[in-house]
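See below for coords-v8.cif, which holds mmCIF, C-alpha atoms and all ligand atoms.
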data_data
loop_
_atom_site.group_PDB
_atom_site.id
_atom_site.type_symbol
_atom_site.label_atom_id
_atom_site.label_comp_id
_atom_site.auth_asym_id
_atom_site.auth_seq_id
_atom_site.Cartn_x
_atom_site.Cartn_y
_atom_site.Cartn_z
ATOM 1 C CA MET P 941 0.000 0.000 0.000
ATOM 2 C CA LYS P 942 1.217 3.522 -0.820
ATOM 3 C CA ILE P 943 -0.080 6.555 1.058
ATOM 4 C CA PHE P 944 -0.251 10.014 -0.484
ATOM 5 C CA CYS P 945 -1.428 13.237 1.119
ATOM 6 C CA GLY P 946 -2.770 16.513 -0.112
ATOM 7 C CA LYS P 947 -1.876 19.643 1.792
ATOM 8 C CA ALA P 948 -4.968 19.308 3.983
ATOM 9 C CA GLY P 949 -4.092 15.750 4.971
ATOM 10 C CA LYS P 950 -0.445 16.021 5.970
ATOM 11 C CA ASN P 951 -0.804 16.011 9.742
ATOM 12 C CA LEU P 952 -3.131 13.003 9.981
ATOM 13 C CA GLY P 953 -1.486 11.287 6.994
ATOM 14 C CA THR P 954 1.943 11.367 8.615
ATOM 15 C CA LYS P 955 0.571 9.786 11.811
ATOM 16 C CA VAL P 956 -1.382 7.125 9.881
ATOM 17 C CA ALA P 957 1.628 6.174 7.737
ATOM 18 C CA LYS P 958 3.760 5.830 10.881
ATOM 19 C CA LYS P 959 1.194 3.522 12.483
ATOM 20 C CA LEU P 960 1.312 1.337 9.366
ATOM 21 C CA ASN P 961 5.135 1.375 9.315
ATOM 22 C CA LEU P 962 5.092 3.212 5.995
ATOM 23 C CA THR P 963 6.477 6.532 4.860
ATOM 24 C CA LEU P 964 4.346 8.999 2.934
ATOM 25 C CA SER P 965 4.869 8.771 -0.818
ATOM 26 C CA PRO P 966 5.929 12.109 -2.301
ATOM 27 C CA VAL P 967 3.641 14.227 -4.465
ATOM 28 C CA GLU P 968 4.969 17.149 -6.452
ATOM 29 C CA ILE P 969 2.592 20.094 -6.260
ATOM 30 C CA PHE P 970 3.586 23.100 -8.322
ATOM 31 C CA VAL P 971 1.475 26.240 -7.920
ATOM 32 C CA PHE P 972 1.355 28.556 -10.938
ATOM 33 C CA PRO P 973 1.218 32.339 -10.455
ATOM 34 C CA ASP P 974 -2.534 32.272 -11.169
ATOM 35 C CA LEU P 975 -2.932 29.613 -8.393
ATOM 36 C CA GLU P 976 -3.674 26.719 -10.719
ATOM 37 C CA LYS P 977 -1.792 23.568 -9.658
ATOM 38 C CA ARG P 978 0.232 20.966 -11.495
ATOM 39 C CA ILE P 979 0.356 17.690 -9.590
ATOM 40 C CA ARG P 980 2.762 14.843 -10.285
ATOM 41 C CA ILE P 981 3.105 11.412 -8.689
ATOM 42 C CA VAL P 982 6.818 10.808 -8.395
ATOM 43 C CA GLU P 983 6.972 7.089 -7.516
ATOM 44 C CA ASN P 984 6.048 4.113 -9.645
ATOM 45 C CA VAL P 985 2.493 3.105 -8.664
ATOM 46 C CA VAL P 986 1.771 0.551 -11.386
ATOM 47 C CA ASN P 987 -0.482 -2.160 -9.889
ATOM 48 C CA GLU P 988 -0.184 -0.604 -6.416
ATOM 49 C CA ASP P 989 -3.054 -0.077 -3.966
ATOM 50 C CA CYS P 990 -2.975 3.639 -3.315
ATOM 51 C CA VAL P 991 -4.522 5.757 -0.589
ATOM 52 C CA ILE P 992 -4.922 9.527 -0.644
ATOM 53 C CA ILE P 993 -5.553 11.351 2.625
ATOM 54 C CA GLN P 994 -7.031 14.798 2.183
ATOM 55 C CA SER P 995 -9.601 16.656 4.261
ATOM 56 C CA ALA P 996 -12.133 18.877 2.528
ATOM 57 C CA SER P 997 -11.646 21.553 5.151
ATOM 58 C CA ILE P 998 -11.263 25.309 4.570
ATOM 59 C CA PRO P 999 -10.828 26.188 1.676
ATOM 60 C CA PRO P 1000 -13.015 23.231 0.603
ATOM 61 C CA ASP P 1001 -13.066 23.946 -3.134
ATOM 62 C CA GLU P 1002 -9.288 24.181 -3.324
ATOM 63 C CA ASN P 1003 -8.743 21.057 -1.237
ATOM 64 C CA TYR P 1004 -11.272 19.053 -3.246
ATOM 65 C CA MET P 1005 -9.668 20.208 -6.507
ATOM 66 C CA GLU P 1006 -6.266 19.061 -5.278
ATOM 67 C CA LEU P 1007 -7.764 15.674 -4.385
ATOM 68 C CA PHE P 1008 -9.477 15.338 -7.776
ATOM 69 C CA ILE P 1009 -6.231 15.995 -9.628
ATOM 70 C CA MET P 1010 -4.306 13.570 -7.385
ATOM 71 C CA ILE P 1011 -6.817 10.803 -8.128
ATOM 72 C CA ASP P 1012 -6.466 11.502 -11.844
ATOM 73 C CA ALA P 1013 -2.665 11.449 -11.619
ATOM 74 C CA LEU P 1014 -2.709 8.086 -9.782
ATOM 75 C CA LYS P 1015 -5.190 6.596 -12.231
ATOM 76 C CA ARG P 1016 -3.113 7.673 -15.244
ATOM 77 C CA SER P 1017 0.027 6.341 -13.560
ATOM 78 C CA GLY P 1018 -1.430 2.824 -13.380
ATOM 79 C CA ALA P 1019 -2.544 2.455 -9.733
ATOM 80 C CA ALA P 1020 -4.459 -0.790 -9.175
ATOM 81 C CA SER P 1021 -6.889 0.800 -6.723
ATOM 82 C CA ILE P 1022 -7.442 4.235 -5.224
ATOM 83 C CA LYS P 1023 -9.010 4.788 -1.811
ATOM 84 C CA ALA P 1024 -9.714 8.302 -0.622
ATOM 85 C CA VAL P 1025 -9.597 9.019 3.094
ATOM 86 C CA ILE P 1026 -11.522 12.268 3.391
ATOM 87 C CA PRO P 1027 -11.674 12.559 7.193
ATOM 88 C CA TYR P 1028 -13.908 15.621 6.981
ATOM 89 C CA LEU P 1029 -16.216 15.371 3.977
ATOM 90 C CA GLY P 1030 -16.848 18.980 2.989
ATOM 91 C CA TYR P 1031 -20.248 19.958 1.498
ATOM 92 C CA GLN P 1032 -21.932 17.176 3.455
ATOM 93 C CA ARG P 1033 -24.536 19.509 4.921
ATOM 94 C CA GLN P 1034 -25.961 20.025 1.411
ATOM 95 C CA ASP P 1035 -26.815 16.335 0.984
ATOM 96 C CA HIS P 1036 -30.353 16.995 -0.171
ATOM 97 C CA ILE P 1037 -32.540 19.813 -1.450
ATOM 98 C CA PHE P 1038 -33.819 22.026 1.376
ATOM 99 C CA ARG P 1039 -35.562 24.585 -0.831
ATOM 100 C CA ASP P 1040 -36.628 24.575 -4.511
ATOM 101 C CA GLY P 1041 -33.851 25.557 -6.868
ATOM 102 C CA GLU P 1042 -30.937 24.283 -4.780
ATOM 103 C CA ALA P 1043 -28.230 21.872 -5.937
ATOM 104 C CA VAL P 1044 -27.272 18.694 -4.086
ATOM 105 C CA SER P 1045 -23.645 19.767 -3.727
ATOM 106 C CA LEU P 1046 -22.471 16.569 -2.066
ATOM 107 C CA GLU P 1047 -23.822 14.502 -4.949
ATOM 108 C CA VAL P 1048 -21.771 16.645 -7.344
ATOM 109 C CA ILE P 1049 -18.650 15.844 -5.291
ATOM 110 C CA ALA P 1050 -19.568 12.125 -5.172
ATOM 111 C CA LYS P 1051 -19.995 11.989 -8.958
ATOM 112 C CA ILE P 1052 -16.642 13.632 -9.628
ATOM 113 C CA LEU P 1053 -14.766 11.405 -7.164
ATOM 114 C CA THR P 1054 -16.209 8.177 -8.521
ATOM 115 C CA THR P 1055 -15.933 9.195 -12.193
ATOM 116 C CA LEU P 1056 -12.256 9.962 -11.672
ATOM 117 C CA GLY P 1057 -11.596 6.509 -10.229
ATOM 118 C CA MET P 1058 -11.986 6.605 -6.441
ATOM 119 C CA GLY P 1059 -12.819 2.992 -5.587
ATOM 120 C CA LYS P 1060 -13.653 3.501 -1.927
ATOM 121 C CA LEU P 1061 -14.238 6.368 0.477
ATOM 122 C CA ILE P 1062 -13.222 6.306 4.139
ATOM 123 C CA THR P 1063 -14.583 9.153 6.232
ATOM 124 C CA PHE P 1064 -15.563 10.170 9.756
ATOM 125 C CA ASP P 1065 -18.767 11.154 11.527
ATOM 126 C CA LEU P 1066 -21.023 12.091 8.688
ATOM 127 C CA HIS P 1067 -23.767 14.577 9.312
ATOM 128 C CA SER P 1068 -26.364 12.058 8.129
ATOM 129 C CA ILE P 1069 -26.172 8.269 7.927
ATOM 130 C CA LYS P 1070 -27.889 8.438 4.522
ATOM 131 C CA ILE P 1071 -24.888 10.142 2.891
ATOM 132 C CA PRO P 1072 -23.216 6.854 1.746
ATOM 133 C CA GLU P 1073 -26.270 6.304 -0.491
ATOM 134 C CA LEU P 1074 -25.068 9.199 -2.668
ATOM 135 C CA PHE P 1075 -21.932 7.232 -3.592
ATOM 136 C CA SER P 1076 -21.844 4.354 -6.076
ATOM 137 C CA VAL P 1077 -18.691 2.922 -4.435
ATOM 138 C CA PRO P 1078 -18.276 1.515 -0.870
ATOM 139 C CA VAL P 1079 -18.143 4.098 1.912
ATOM 140 C CA GLU P 1080 -16.572 3.183 5.255
ATOM 141 C CA HIS P 1081 -18.127 5.479 7.841
ATOM 142 C CA LEU P 1082 -15.847 5.692 10.876
ATOM 143 C CA SER P 1083 -16.560 7.501 14.125
ATOM 144 C CA ALA P 1084 -14.685 9.392 16.810
ATOM 145 C CA LEU P 1085 -17.462 8.656 19.326
ATOM 146 C CA PRO P 1086 -15.573 5.712 20.948
ATOM 147 C CA LEU P 1087 -12.609 8.076 21.502
ATOM 148 C CA PHE P 1088 -14.919 10.664 23.037
ATOM 149 C CA ALA P 1089 -16.629 8.056 25.236
ATOM 150 C CA GLU P 1090 -13.243 6.933 26.546
ATOM 151 C CA ASN P 1091 -12.198 10.518 27.285
ATOM 152 C CA ILE P 1092 -15.528 11.243 29.019
ATOM 153 C CA LYS P 1093 -15.141 8.082 31.137
ATOM 154 C CA GLN P 1094 -11.656 9.180 32.234
ATOM 155 C CA ASN P 1095 -12.665 12.753 33.058
ATOM 156 C CA PHE P 1096 -16.220 12.543 34.355
ATOM 157 C CA GLU P 1097 -16.597 9.032 35.789
ATOM 158 C CA ASN P 1098 -17.531 10.171 39.299
ATOM 159 C CA LYS P 1099 -19.406 13.308 38.241
ATOM 160 C CA ASP P 1100 -23.127 13.744 37.719
ATOM 161 C CA PHE P 1101 -23.112 14.458 33.986
ATOM 162 C CA VAL P 1102 -25.677 14.627 31.220
ATOM 163 C CA LEU P 1103 -24.914 14.323 27.510
ATOM 164 C CA VAL P 1104 -26.499 16.985 25.319
ATOM 165 C CA SER P 1105 -27.260 17.057 21.607
ATOM 166 C CA PRO P 1106 -27.127 20.678 20.422
ATOM 167 C CA ASP P 1107 -29.898 20.043 17.887
ATOM 168 C CA MET P 1108 -32.542 17.476 17.002
ATOM 169 C CA GLY P 1109 -30.458 16.289 14.021
ATOM 170 C CA GLY P 1110 -27.902 14.954 16.509
ATOM 171 C CA ILE P 1111 -30.268 12.515 18.263
ATOM 172 C CA ARG P 1112 -28.762 9.411 16.624
ATOM 173 C CA ARG P 1113 -25.254 10.531 17.648
ATOM 174 C CA ILE P 1114 -26.230 11.264 21.251
ATOM 175 C CA LYS P 1115 -28.003 7.904 21.608
ATOM 176 C CA GLU P 1116 -24.911 6.165 20.249
ATOM 177 C CA ILE P 1117 -22.506 7.790 22.701
ATOM 178 C CA SER P 1118 -25.002 7.301 25.537
ATOM 179 C CA GLU P 1119 -24.893 3.551 24.793
ATOM 180 C CA LEU P 1120 -21.076 3.613 24.823
ATOM 181 C CA LEU P 1121 -21.327 5.163 28.300
ATOM 182 C CA GLU P 1122 -23.662 2.545 29.823
ATOM 183 C CA ASN P 1123 -26.801 4.425 28.804
ATOM 184 C CA ALA P 1124 -25.820 7.772 30.284
ATOM 185 C CA THR P 1125 -28.730 10.224 30.418
ATOM 186 C CA PHE P 1126 -29.061 12.775 27.652
ATOM 187 C CA ALA P 1127 -30.924 15.952 26.819
ATOM 188 C CA THR P 1128 -31.521 17.674 23.481
ATOM 189 C CA ILE P 1129 -31.606 21.291 22.438
ATOM 190 C CA GLU P 1130 -34.162 22.241 19.827
ATOM 191 C CA LYS P 1131 -32.505 24.669 17.460
ATOM 192 C CA ASN P 1132 -34.041 26.205 14.367
ATOM 193 C CA ARG P 1133 -32.020 27.924 11.665
ATOM 194 C CA ASP P 1134 -33.102 30.460 9.077
ATOM 195 C CA LEU P 1135 -32.479 28.590 5.801
ATOM 196 C CA GLY P 1136 -31.685 31.861 4.039
ATOM 197 C CA ASN P 1137 -28.859 33.243 6.184
ATOM 198 C CA GLY P 1138 -28.007 30.209 8.354
ATOM 199 C CA GLU P 1139 -28.568 32.154 11.617
ATOM 200 C CA ILE P 1140 -29.939 30.296 14.654
ATOM 201 C CA GLU P 1141 -33.500 31.587 15.212
ATOM 202 C CA ASP P 1142 -34.702 30.031 18.447
ATOM 203 C CA LYS P 1143 -33.833 27.301 20.947
ATOM 204 C CA GLY P 1144 -35.387 25.214 23.706
ATOM 205 C CA LEU P 1145 -34.321 22.297 25.913
ATOM 206 C CA ASN P 1146 -35.794 18.804 26.236
ATOM 207 C CA GLY P 1147 -34.474 17.190 29.422
ATOM 208 C CA ASN P 1148 -33.027 18.228 32.752
ATOM 209 C CA VAL P 1149 -29.509 19.595 33.266
ATOM 210 C CA ARG P 1150 -29.993 21.343 36.634
ATOM 211 C CA GLY P 1151 -26.992 20.870 38.922
ATOM 212 C CA LYS P 1152 -25.269 18.574 36.411
ATOM 213 C CA VAL P 1153 -22.183 18.812 34.241
ATOM 214 C CA ALA P 1154 -23.520 19.160 30.677
ATOM 215 C CA ILE P 1155 -21.457 17.570 27.910
ATOM 216 C CA ILE P 1156 -22.438 18.673 24.417
ATOM 217 C CA VAL P 1157 -21.557 16.233 21.622
ATOM 218 C CA ASP P 1158 -21.679 17.425 17.997
ATOM 219 C CA ASP P 1159 -20.272 16.407 14.621
ATOM 220 C CA MET P 1160 -18.586 19.690 13.704
ATOM 221 C CA ILE P 1161 -17.775 23.193 14.840
ATOM 222 C CA SER P 1162 -17.974 25.779 12.107
ATOM 223 C CA THR P 1163 -18.669 29.295 13.397
ATOM 224 C CA GLY P 1164 -18.932 27.953 16.951
ATOM 225 C CA LYS P 1165 -22.334 29.588 17.483
ATOM 226 C CA THR P 1166 -24.196 26.317 18.020
ATOM 227 C CA LEU P 1167 -21.914 25.409 20.926
ATOM 228 C CA VAL P 1168 -21.596 28.880 22.418
ATOM 229 C CA GLU P 1169 -25.327 29.606 22.353
ATOM 230 C CA GLY P 1170 -26.104 26.047 23.452
ATOM 231 C CA ALA P 1171 -23.785 26.454 26.454
ATOM 232 C CA GLU P 1172 -25.519 29.699 27.443
ATOM 233 C CA LEU P 1173 -28.890 27.975 27.336
ATOM 234 C CA LEU P 1174 -27.573 25.085 29.455
ATOM 235 C CA ILE P 1175 -26.110 27.421 32.095
ATOM 236 C CA ASN P 1176 -29.423 29.331 32.184
ATOM 237 C CA GLU P 1177 -31.187 25.993 32.684
ATOM 238 C CA GLY P 1178 -28.999 25.298 35.748
ATOM 239 C CA ALA P 1179 -26.065 23.216 34.410
ATOM 240 C CA SER P 1180 -23.086 23.546 36.785
ATOM 241 C CA LYS P 1181 -20.497 23.407 33.984
ATOM 242 C CA VAL P 1182 -20.492 22.824 30.226
ATOM 243 C CA TYR P 1183 -17.965 20.832 28.168
ATOM 244 C CA ALA P 1184 -18.079 20.170 24.420
ATOM 245 C CA TYR P 1185 -16.928 17.369 22.108
ATOM 246 C CA ALA P 1186 -17.068 17.653 18.301
ATOM 247 C CA THR P 1187 -15.319 15.526 15.692
ATOM 248 C CA HIS P 1188 -14.501 18.119 13.032
ATOM 249 C CA PRO P 1189 -12.846 21.444 13.935
ATOM 250 C CA VAL P 1190 -13.899 23.318 10.796
ATOM 251 C CA PHE P 1191 -13.287 26.600 12.665
ATOM 252 C CA ALA P 1192 -14.677 29.234 10.330
ATOM 253 C CA ARG P 1193 -14.697 32.978 10.983
ATOM 254 C CA HIS P 1194 -12.704 33.417 14.231
ATOM 255 C CA SER P 1195 -14.633 30.700 16.038
ATOM 256 C CA ASP P 1196 -11.467 30.113 18.109
ATOM 257 C CA LYS P 1197 -11.926 33.450 19.883
ATOM 258 C CA LEU P 1198 -15.651 32.921 20.326
ATOM 259 C CA LEU P 1199 -15.073 29.492 21.884
ATOM 260 C CA GLN P 1200 -12.195 30.606 24.125
ATOM 261 C CA HIS P 1201 -14.350 33.382 25.598
ATOM 262 C CA SER P 1202 -17.467 31.228 25.928
ATOM 263 C CA LYS P 1203 -19.037 29.570 28.960
ATOM 264 C CA ILE P 1204 -17.601 26.210 27.839
ATOM 265 C CA GLU P 1205 -14.828 24.869 30.087
ATOM 266 C CA ARG P 1206 -13.074 22.684 27.515
ATOM 267 C CA ILE P 1207 -13.614 21.908 23.832
ATOM 268 C CA VAL P 1208 -12.412 18.503 22.628
ATOM 269 C CA VAL P 1209 -12.065 17.886 18.886
ATOM 270 C CA THR P 1210 -10.092 15.508 16.645
ATOM 271 C CA ASP P 1211 -7.431 15.802 13.965
ATOM 272 C CA THR P 1212 -9.779 15.000 11.051
ATOM 273 C CA ILE P 1213 -8.864 18.586 10.134
ATOM 274 C CA ASP P 1214 -5.426 20.129 10.660
ATOM 275 C CA ILE P 1215 -5.702 23.059 13.049
ATOM 276 C CA PRO P 1216 -3.342 25.879 12.082
ATOM 277 C CA ALA P 1217 -1.324 27.313 14.980
ATOM 278 C CA TYR P 1218 -3.205 30.624 14.751
ATOM 279 C CA SER P 1219 -6.535 28.832 15.409
ATOM 280 C CA GLU P 1220 -5.383 27.045 18.556
ATOM 281 C CA PHE P 1221 -6.642 28.284 21.918
ATOM 282 C CA ALA P 1222 -6.175 27.391 25.576
ATOM 283 C CA LYS P 1223 -9.501 25.577 26.055
ATOM 284 C CA LEU P 1224 -8.900 23.313 23.043
ATOM 285 C CA GLU P 1225 -7.876 19.651 23.284
ATOM 286 C CA VAL P 1226 -7.231 17.510 20.183
ATOM 287 C CA LEU P 1227 -7.595 13.724 20.119
ATOM 288 C CA SER P 1228 -6.213 11.730 17.209
ATOM 289 C CA VAL P 1229 -8.177 9.479 14.859
ATOM 290 C CA ALA P 1230 -4.916 8.133 13.356
ATOM 291 C CA ASP P 1231 -5.239 4.759 15.063
ATOM 292 C CA ILE P 1232 -8.837 4.233 13.900
ATOM 293 C CA THR P 1233 -7.865 5.273 10.349
ATOM 294 C CA ALA P 1234 -4.810 3.002 10.241
ATOM 295 C CA LYS P 1235 -6.847 0.009 11.487
ATOM 296 C CA ALA P 1236 -9.515 0.679 8.817
ATOM 297 C CA LEU P 1237 -6.857 0.808 6.078
ATOM 298 C CA LYS P 1238 -5.238 -2.366 7.326
ATOM 299 C CA SER P 1239 -8.458 -4.328 7.232
ATOM 300 C CA SER P 1240 -9.917 -2.982 3.987
HETATM 301 C C1 LIG M 1 -25.569 21.278 12.414
HETATM 302 O O1 LIG M 1 -26.564 20.663 12.130
HETATM 303 C C2 LIG M 1 -24.269 20.638 12.769
HETATM 304 O O2 LIG M 1 -24.437 19.413 13.418
HETATM 305 C C3 LIG M 1 -23.433 21.571 13.633
HETATM 306 O O3 LIG M 1 -24.117 21.781 14.863
HETATM 307 C C4 LIG M 1 -23.250 22.900 12.952
HETATM 308 O O4 LIG M 1 -22.822 22.723 11.636
HETATM 309 C C5 LIG M 1 -22.248 23.751 13.700
HETATM 310 O O5 LIG M 1 -22.168 24.977 13.040
HETATM 311 P P1 LIG M 1 -21.760 26.291 13.804
HETATM 312 O O6 LIG M 1 -20.512 26.004 14.578
HETATM 313 O O7 LIG M 1 -21.547 27.289 12.694
HETATM 314 O O8 LIG M 1 -22.899 26.700 14.665
#
Here is a file; write its structure as structure tokens.
Amino acid sequence: MKIFCGKAGKNLGTKVAKKLNLTLSPVEIFVFPDLEKRIRIVENVVNEDCVIIQSASIPPDENYMELFIMIDALKRSGAASIKAVIPYLGYQRQDHIFRDGEAVSLEVIAKILTTLGMGKLITFDLHSIKIPELFSVPVEHLSALPLFAENIKQNFENKDFVLVSPDMGGIRRIKEISELLENATFATIEKNRDLGNGEIEDKGLNGNVRGKVAIIVDDMISTGKTLVEGAELLINEGASKVYAYATHPVFARHSDKLLQHSKIERIVVTDTIDIPAYSEFAKLEVLSVADITAKALKSS
């Protein structure tokens, strides 16, 4: 097996390769003055099983484009198979039509990836479990929830805690982690967004958090508003402290500052997305999904 990385997959890719006792295979990426890229696979990949690790994090269009061209380069160079590990699958929130006239952006991405020659997709904590249906090739849907459950066990074992889903769309996820924690109790926030501008319109709580440590579990943090406003609601409802766990640190628009100055004590994320040094903050803790990814590659 040969492992290649795009620029948005270097951090995780290096850890995964090490766990598999491999070194990353080099990719030559030349950027032209107009920002177009020329990508070249340097090694011989004829009849090799190849893996590309690349997150579709910010800027998603650029990172996807790099991945598309890498798949094409591998295909033309004679690779026997091409698996894409896209730890954070960008555009996944547009997996269906919400309002007349919209595109299904994720289906566009799926079509391009499979047409180019991606034989399998490996990804983490998808927004909806129906997303694999948009792909005509196998999708291995991995999860960081076991990592989070382990971390919660270590840190909150003797505390009176309640898991919280920050929206009704996260019910499946919260039930899953509750099961991993011997059916820990959970509450859900009802959050409605304006489909036009994406702003959160109103919120309410189902369940009781009074006097308890509230632990919010979500799939991603983009602007950080869901967590920050959710934490305020939980404190107003009597939670003693609020912690947050989310798989994908998308971190758009200065969310680092918003989160650092929020009522949340600690924010735990994973390395499905590389966090640039300027987006790190004191309350942030990063767990690695390298082990889970390496095991999936080994057995697939
Ligand atoms: C929404 O349905 C997702 O599960 C996340 O809660 C959301 O994408 C987070 O976005 P933001 O950080 O911008 O509130």
What residues of the protein or nucleic acid chains come within 7 Å of ligand LIG 1 (chain M) when you use all atoms listed in the file? Reply as an mmCIF file with C-alpha atoms, in the coordinates of the input.
data_model
loop_
_atom_site.group_PDB
_atom_site.id
_atom_site.type_symbol
_atom_site.label_atom_id
_atom_site.label_comp_id
_atom_site.auth_asym_id
_atom_site.auth_seq_id
_atom_site.Cartn_x
_atom_site.Cartn_y
_atom_site.Cartn_z
ATOM 1 C CA HIS P 1067 -23.767 14.577 9.312
ATOM 2 C CA PRO P 1106 -27.127 20.678 20.422
ATOM 3 C CA ASP P 1107 -29.898 20.043 17.887
ATOM 4 C CA GLY P 1109 -30.458 16.289 14.021
ATOM 5 C CA GLY P 1110 -27.902 14.954 16.509
ATOM 6 C CA ASP P 1158 -21.679 17.425 17.997
ATOM 7 C CA ASP P 1159 -20.272 16.407 14.621
ATOM 8 C CA MET P 1160 -18.586 19.690 13.704
ATOM 9 C CA ILE P 1161 -17.775 23.193 14.840
ATOM 10 C CA SER P 1162 -17.974 25.779 12.107
ATOM 11 C CA THR P 1163 -18.669 29.295 13.397
ATOM 12 C CA GLY P 1164 -18.932 27.953 16.951
ATOM 13 C CA LYS P 1165 -22.334 29.588 17.483
ATOM 14 C CA THR P 1166 -24.196 26.317 18.020
ATOM 15 C CA LEU P 1167 -21.914 25.409 20.926
#
For Val1182 (chain P), which of P:Ala1124, P:Leu1199, P:Val1079, P:Ile992 is the closest residue, counting all atoms listed in the file?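 Of P:Ala1124, P:Leu1199, P:Val1079, P:Ile992, the one nearest Val1182 (chain P), counting all atoms listed in the file, is P:Leu1199.
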Any chance you could work out the residue set of the PyMOL selection byres (((chain P and resi 993) around 6) and not hetatm) here, as an NGL selection string? :P and (945 or 949 or 953 or 992 or 994 or 1025)
For this structure, which residues satisfy the selection - the PyMOL selection byres (((chain P and resi 1210-1222) around 7) and not hetatm) - when it is evaluated on the file as given? I want them as number ranges by chain. P: 948, 951-952, 995, 997, 1027-1028, 1187-1190, 1196, 1200, 1209, 1223-1224, 1226-1229
Mind writing the picked residues with C-alpha atoms as a tab-separated table (two decimals), keeping the file's coordinate frame?
chain	number	residue	atom	x	y	z
P	948	ALA	CA	-4.97	19.31	3.98
P	951	ASN	CA	-0.80	16.01	9.74
P	952	LEU	CA	-3.13	13.00	9.98
P	995	SER	CA	-9.60	16.66	4.26
P	997	SER	CA	-11.65	21.55	5.15
P	1027	PRO	CA	-11.67	12.56	7.19
P	1028	TYR	CA	-13.91	15.62	6.98
P	1187	THR	CA	-15.32	15.53	15.69
P	1188	HIS	CA	-14.50	18.12	13.03
P	1189	PRO	CA	-12.85	21.44	13.94
P	1190	VAL	CA	-13.90	23.32	10.80
P	1196	ASP	CA	-11.47	30.11	18.11
P	1200	GLN	CA	-12.20	30.61	24.12
P	1209	VAL	CA	-12.06	17.89	18.89
P	1223	LYS	CA	-9.50	25.58	26.06
P	1224	LEU	CA	-8.90	23.31	23.04
P	1226	VAL	CA	-7.23	17.51	20.18
P	1227	LEU	CA	-7.60	13.72	20.12
P	1228	SER	CA	-6.21	11.73	17.21
P	1229	VAL	CA	-8.18	9.48	14.86
So, counting all atoms listed in the file, which residue among P:Ser1083, P:Ser1180, P:Ser1021, P:Ser1105 is closest to Ala1230 (chain P)?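 Among P:Ser1083, P:Ser1180, P:Ser1021, P:Ser1105, it is P:Ser1083 that comes nearest to Ala1230 (chain P).
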Atom pair CA of Ile1049 (chain P) + CA of Pro999 (chain P), distance 14.7 Å
Which is closer to Glu1073 (chain P) than all the others in P:Ile1009, P:Ala1020, P:Leu1046, P:Cys990, using all atoms listed in the file?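 Of the candidates, the smallest distance to Glu1073 (chain P) is held by P:Leu1046.
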Counting only C-alpha atoms, the option among P:Glu1116, P:Asp1100, P:Glu1122, P:Glu1172 closest to Lys1152 (chain P): P:Asp1100
Can you pull out every residue within 12 Å of Gly1170 (chain P), counting all atoms listed in the file, but drop anything in the same chain fewer than 3 positions away, and send it as a PDB file with C-alpha atoms, in the frame of the given file?
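Saved as part_29.pdb:
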ATOM      1  CA  VAL P1104     -26.499  16.985  25.319  1.00  0.00           C
ATOM      2  CA  SER P1105     -27.260  17.057  21.607  1.00  0.00           C
ATOM      3  CA  PRO P1106     -27.127  20.678  20.422  1.00  0.00           C
ATOM      4  CA  ASP P1107     -29.898  20.043  17.887  1.00  0.00           C
ATOM      5  CA  ALA P1127     -30.924  15.952  26.819  1.00  0.00           C
ATOM      6  CA  THR P1128     -31.521  17.674  23.481  1.00  0.00           C
ATOM      7  CA  ILE P1129     -31.606  21.291  22.438  1.00  0.00           C
ATOM      8  CA  GLU P1130     -34.162  22.241  19.827  1.00  0.00           C
ATOM      9  CA  LYS P1131     -32.505  24.669  17.460  1.00  0.00           C
ATOM     10  CA  ILE P1140     -29.939  30.296  14.654  1.00  0.00           C
ATOM     11  CA  ASP P1142     -34.702  30.031  18.447  1.00  0.00           C
ATOM     12  CA  LYS P1143     -33.833  27.301  20.947  1.00  0.00           C
ATOM     13  CA  GLY P1144     -35.387  25.214  23.706  1.00  0.00           C
ATOM     14  CA  LEU P1145     -34.321  22.297  25.913  1.00  0.00           C
ATOM     15  CA  ALA P1154     -23.520  19.160  30.677  1.00  0.00           C
ATOM     16  CA  ILE P1155     -21.457  17.570  27.910  1.00  0.00           C
ATOM     17  CA  ILE P1156     -22.438  18.673  24.417  1.00  0.00           C
ATOM     18  CA  VAL P1157     -21.557  16.233  21.622  1.00  0.00           C
ATOM     19  CA  ASP P1158     -21.679  17.425  17.997  1.00  0.00           C
ATOM     20  CA  GLY P1164     -18.932  27.953  16.951  1.00  0.00           C
ATOM     21  CA  LYS P1165     -22.334  29.588  17.483  1.00  0.00           C
ATOM     22  CA  THR P1166     -24.196  26.317  18.020  1.00  0.00           C
ATOM     23  CA  LEU P1167     -21.914  25.409  20.926  1.00  0.00           C
ATOM     24  CA  LEU P1173     -28.890  27.975  27.336  1.00  0.00           C
ATOM     25  CA  LEU P1174     -27.573  25.085  29.455  1.00  0.00           C
ATOM     26  CA  ILE P1175     -26.110  27.421  32.095  1.00  0.00           C
ATOM     27  CA  ASN P1176     -29.423  29.331  32.184  1.00  0.00           C
ATOM     28  CA  GLU P1177     -31.187  25.993  32.684  1.00  0.00           C
ATOM     29  CA  ALA P1179     -26.065  23.216  34.410  1.00  0.00           C
ATOM     30  CA  VAL P1182     -20.492  22.824  30.226  1.00  0.00           C
ATOM     31  CA  TYR P1183     -17.965  20.832  28.168  1.00  0.00           C
ATOM     32  CA  ALA P1184     -18.079  20.170  24.420  1.00  0.00           C
ATOM     33  CA  LEU P1199     -15.073  29.492  21.884  1.00  0.00           C
ATOM     34  CA  SER P1202     -17.467  31.228  25.928  1.00  0.00           C
ATOM     35  CA  LYS P1203     -19.037  29.570  28.960  1.00  0.00           C
ATOM     36  CA  ILE P1204     -17.601  26.210  27.839  1.00  0.00           C
TER      37      ILE P1204
END
Of the listed residues P:Ile1022, P:Ala1043, P:Leu1029, P:Met941, that which approaches Lys1060 (chain P) most closely, counting all atoms listed in the file: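 Once distances to Lys1060 (chain P) are computed over all atoms listed in the file, the minimum belongs to P:Ile1022.
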